[in-house]
>>> print(open('protein_37.txt').read())   # compact mmCIF, C-alpha atoms
# COMPACT_ATOMS: atom_id res chain seq x y z
CA MET A 67 60.78 2.16 13.63
CA LYS A 68 63.68 3.80 15.50
CA ASN A 69 63.68 7.51 16.33
CA ILE A 70 66.61 9.91 16.57
CA LEU A 71 66.22 13.28 18.25
CA LEU A 72 68.70 15.92 17.09
CA ILE A 73 68.98 18.87 19.50
CA ASP A 74 71.03 21.65 17.94
CA ASP A 75 70.57 25.39 17.55
CA SER A 76 71.99 25.18 14.02
CA GLU A 77 69.46 24.11 11.43
CA ASN A 78 72.35 23.69 9.03
CA PHE A 79 73.57 20.51 10.78
CA TYR A 80 70.00 19.16 10.80
CA ARG A 81 69.77 19.75 7.04
CA ILE A 82 73.10 17.98 6.45
CA ILE A 83 72.07 14.93 8.50
CA ASN A 84 68.61 14.83 6.96
CA ASN A 85 69.80 15.25 3.37
CA GLU A 86 72.98 13.17 3.45
CA ILE A 87 71.79 10.27 5.61
CA PHE A 88 68.03 10.08 5.35
CA GLU A 89 67.16 11.46 1.91
CA LYS A 90 70.02 9.71 0.12
CA ASN A 91 69.68 6.38 1.90
CA GLU A 92 66.36 4.63 1.40
CA SER A 93 67.19 1.93 3.98
CA PHE A 94 67.68 4.53 6.68
CA LYS A 95 64.57 6.40 5.67
CA ASN A 96 62.48 3.23 6.03
CA LEU A 97 63.85 2.28 9.47
CA VAL A 98 64.61 5.54 11.27
CA THR A 99 62.82 8.84 11.82
CA LEU A 100 64.63 12.07 12.60
CA THR A 101 63.06 14.59 14.96
CA TYR A 102 64.58 18.03 15.46
CA ALA A 103 64.58 20.55 18.31
CA ASN A 104 66.48 23.82 17.92
CA ASN A 105 67.24 24.41 21.62
CA GLY A 106 67.68 22.55 24.88
CA PHE A 107 64.29 23.47 26.33
CA ASP A 108 62.40 22.23 23.26
CA GLY A 109 64.66 19.18 23.17
CA ILE A 110 63.68 18.16 26.69
CA VAL A 111 60.00 18.53 25.80
CA GLU A 112 60.55 16.53 22.61
CA VAL A 113 62.22 13.68 24.54
CA GLY A 114 58.92 13.25 26.40
CA LYS A 115 56.87 13.40 23.20
CA SER A 116 58.90 11.30 20.78
CA LYS A 117 60.72 8.97 23.22
CA PRO A 118 63.82 8.73 21.03
CA ASP A 119 66.08 5.71 20.77
CA LEU A 120 69.09 7.99 20.34
CA ILE A 121 69.78 11.66 21.06
CA ILE A 122 72.34 13.70 19.12
CA LEU A 123 73.03 16.79 21.20
CA ASP A 124 75.10 19.91 20.52
CA PHE A 125 77.47 20.96 23.33
CA SER A 126 77.20 24.68 22.80
CA MET A 127 73.77 26.18 22.37
CA ILE A 128 72.38 29.53 23.42
CA GLY A 129 70.16 29.32 26.49
CA LEU A 130 70.26 25.81 27.89
CA ASN A 131 73.52 24.32 26.64
CA GLY A 132 74.10 20.67 25.79
CA PHE A 133 75.62 19.81 29.16
CA GLU A 134 72.64 21.27 31.03
CA THR A 135 70.20 19.59 28.67
CA ALA A 136 71.90 16.20 29.08
CA THR A 137 71.91 16.57 32.87
CA ILE A 138 68.15 17.17 32.93
CA ILE A 139 67.47 14.24 30.57
CA LYS A 140 69.75 11.83 32.47
CA ARG A 141 68.12 12.71 35.83
CA ASN A 142 64.75 11.48 34.56
CA GLU A 143 64.26 7.77 35.29
CA ASN A 144 62.25 7.32 32.08
CA TYR A 145 64.98 8.73 29.83
CA LYS A 146 68.28 8.11 31.62
CA ASP A 147 69.16 5.10 29.45
CA ILE A 148 68.72 6.85 26.09
CA PRO A 149 72.17 7.03 24.48
CA ILE A 150 73.42 10.56 23.86
CA ILE A 151 75.99 11.42 21.22
CA PHE A 152 77.45 14.87 21.75
CA ILE A 153 78.32 16.99 18.73
CA SER A 154 80.24 20.22 18.46
CA SER A 155 82.20 22.29 16.02
CA ASN A 156 84.52 23.48 18.82
CA LYS A 157 85.82 20.34 20.48
CA THR A 158 88.07 20.50 23.49
CA ILE A 159 89.22 17.51 25.51
CA ILE A 160 87.59 19.09 28.57
CA ASP A 161 84.22 19.25 26.76
CA GLU A 162 84.57 15.66 25.60
CA VAL A 163 85.40 14.35 29.10
CA HIS A 164 82.61 16.45 30.63
CA GLY A 165 80.12 15.03 28.13
CA LEU A 166 81.18 11.45 28.86
CA MET A 167 80.96 12.08 32.60
CA LEU A 168 77.37 13.28 32.12
CA GLY A 169 76.48 9.97 30.52
CA GLY A 170 77.20 10.76 26.89
CA TYR A 171 78.18 7.73 24.87
CA GLU A 172 80.25 9.38 22.19
CA TYR A 173 81.60 12.65 20.85
CA LEU A 174 81.19 13.45 17.18
CA PRO A 175 82.70 16.52 15.52
CA LYS A 176 80.16 18.33 13.32
CA ASN A 177 82.65 18.22 10.47
CA SER A 178 82.95 14.44 10.75
CA ASN A 179 82.77 12.34 7.60
CA ILE A 180 79.08 11.62 6.88
CA SER A 181 79.70 7.87 6.48
CA ASN A 182 81.36 7.85 9.92
CA THR A 183 78.31 9.62 11.35
CA MET A 184 76.01 7.09 9.70
CA ASN A 185 78.07 4.16 11.04
CA ILE A 186 77.93 5.53 14.59
CA ILE A 187 74.15 5.98 14.33
CA LYS A 188 73.76 2.43 12.99
CA GLU A 189 75.90 1.08 15.82
CA TYR A 190 73.86 2.72 18.57
CA LEU A 191 70.52 1.85 17.02
CA LYS A 192 71.73 -1.70 16.27
CA LEU A 193 70.75 -1.42 12.62
CA ASP A 194 71.95 -3.84 9.99
CA ILE A 195 72.01 -1.51 6.99
CA ARG A 196 74.61 -1.73 4.26
>>> encode(input="protein_37.txt", output="structure tokens")
Amino acid sequence: MKNILLIDDSENFYRIINNEIFEKNESFKNLVTLTYANNGFDGIVEVGKSKPDLIILDFSMIGLNGFETATIIKRNENYKDIPIIFISSNKTIIDEVHGLMLGGYEYLPKNSNISNTMNIIKEYLKLDIR
């Protein structure tokens, strides 16, 4: 089973992902688990616990922001190869480039179409789900 770790200080986005992708799609539910951390510090701890196959990380969080969180994760030899998809509701080209320079694989706006989000997740987890 694959594991996604969502690190975001907004529970609302977690609920959207959980309800729209996992609860409404039995195939996803049977192949992928979703773990949630509501801040960067807890997210880093959770990476060690759950060893995710994919991290979805918010750029702008209170406390440890997404860039700082990604930097800490990518510096760890055990976790540096975990793909990170950055999310944000306030995208700027500077944020996107910064995220990619930190080793992020993709940028996804929070208001992105849910089927687009699901397709990106499937691509990175190499899932063959229709």
>>> residues_around(input="protein_37.txt", residues="stretch 180-192 of chain A", least_positions_apart="5", cutoff="8 Å", atoms="all atoms listed in the file", output="PDB file with C-alpha atoms, in the coordinates of the input")
ATOM      1  CA  LYS A  68      63.680   3.800  15.500  1.00  0.00           C
ATOM      2  CA  ILE A  83      72.070  14.930   8.500  1.00  0.00           C
ATOM      3  CA  GLU A  86      72.980  13.170   3.450  1.00  0.00           C
ATOM      4  CA  ILE A  87      71.790  10.270   5.610  1.00  0.00           C
ATOM      5  CA  ASP A 119      66.080   5.710  20.770  1.00  0.00           C
ATOM      6  CA  LEU A 120      69.090   7.990  20.340  1.00  0.00           C
ATOM      7  CA  PRO A 149      72.170   7.030  24.480  1.00  0.00           C
ATOM      8  CA  LEU A 174      81.190  13.450  17.180  1.00  0.00           C
TER       9      LEU A 174
END
>>> closest_residue(input="protein_37.txt", among="A:Pro175, A:Glu143, A:Gly109, A:Met127", to="A:Ser76", atoms="all atoms listed in the file")
A:Met127
>>> atom_distance(input="protein_37.txt", atom1="atom CA of A:Arg81", atom2="atom CA of A:Asn142")
29.2 Å
>>> axis_aligned_box(input="protein_37.txt", around="stretch 174-186 of chain A", padding_each_side="6 Å", output="JSON")
{"center_x": 79.5, "center_y": 11.2, "center_z": 11.8, "size_x": 18.9, "size_y": 26.2, "size_z": 22.7}
>>> residues_near_point(input="protein_37.txt", point="(65.6, 8.3, 20.3)", cutoff="9 Å", atoms="only C-alpha atoms", output="count of residues only")
20
>>> closest_residue(input="protein_37.txt", among="A:Met67, A:Asp147, A:Glu134, A:Ser126", to="A:Lys95", atoms="all atoms listed in the file")
A:Met67
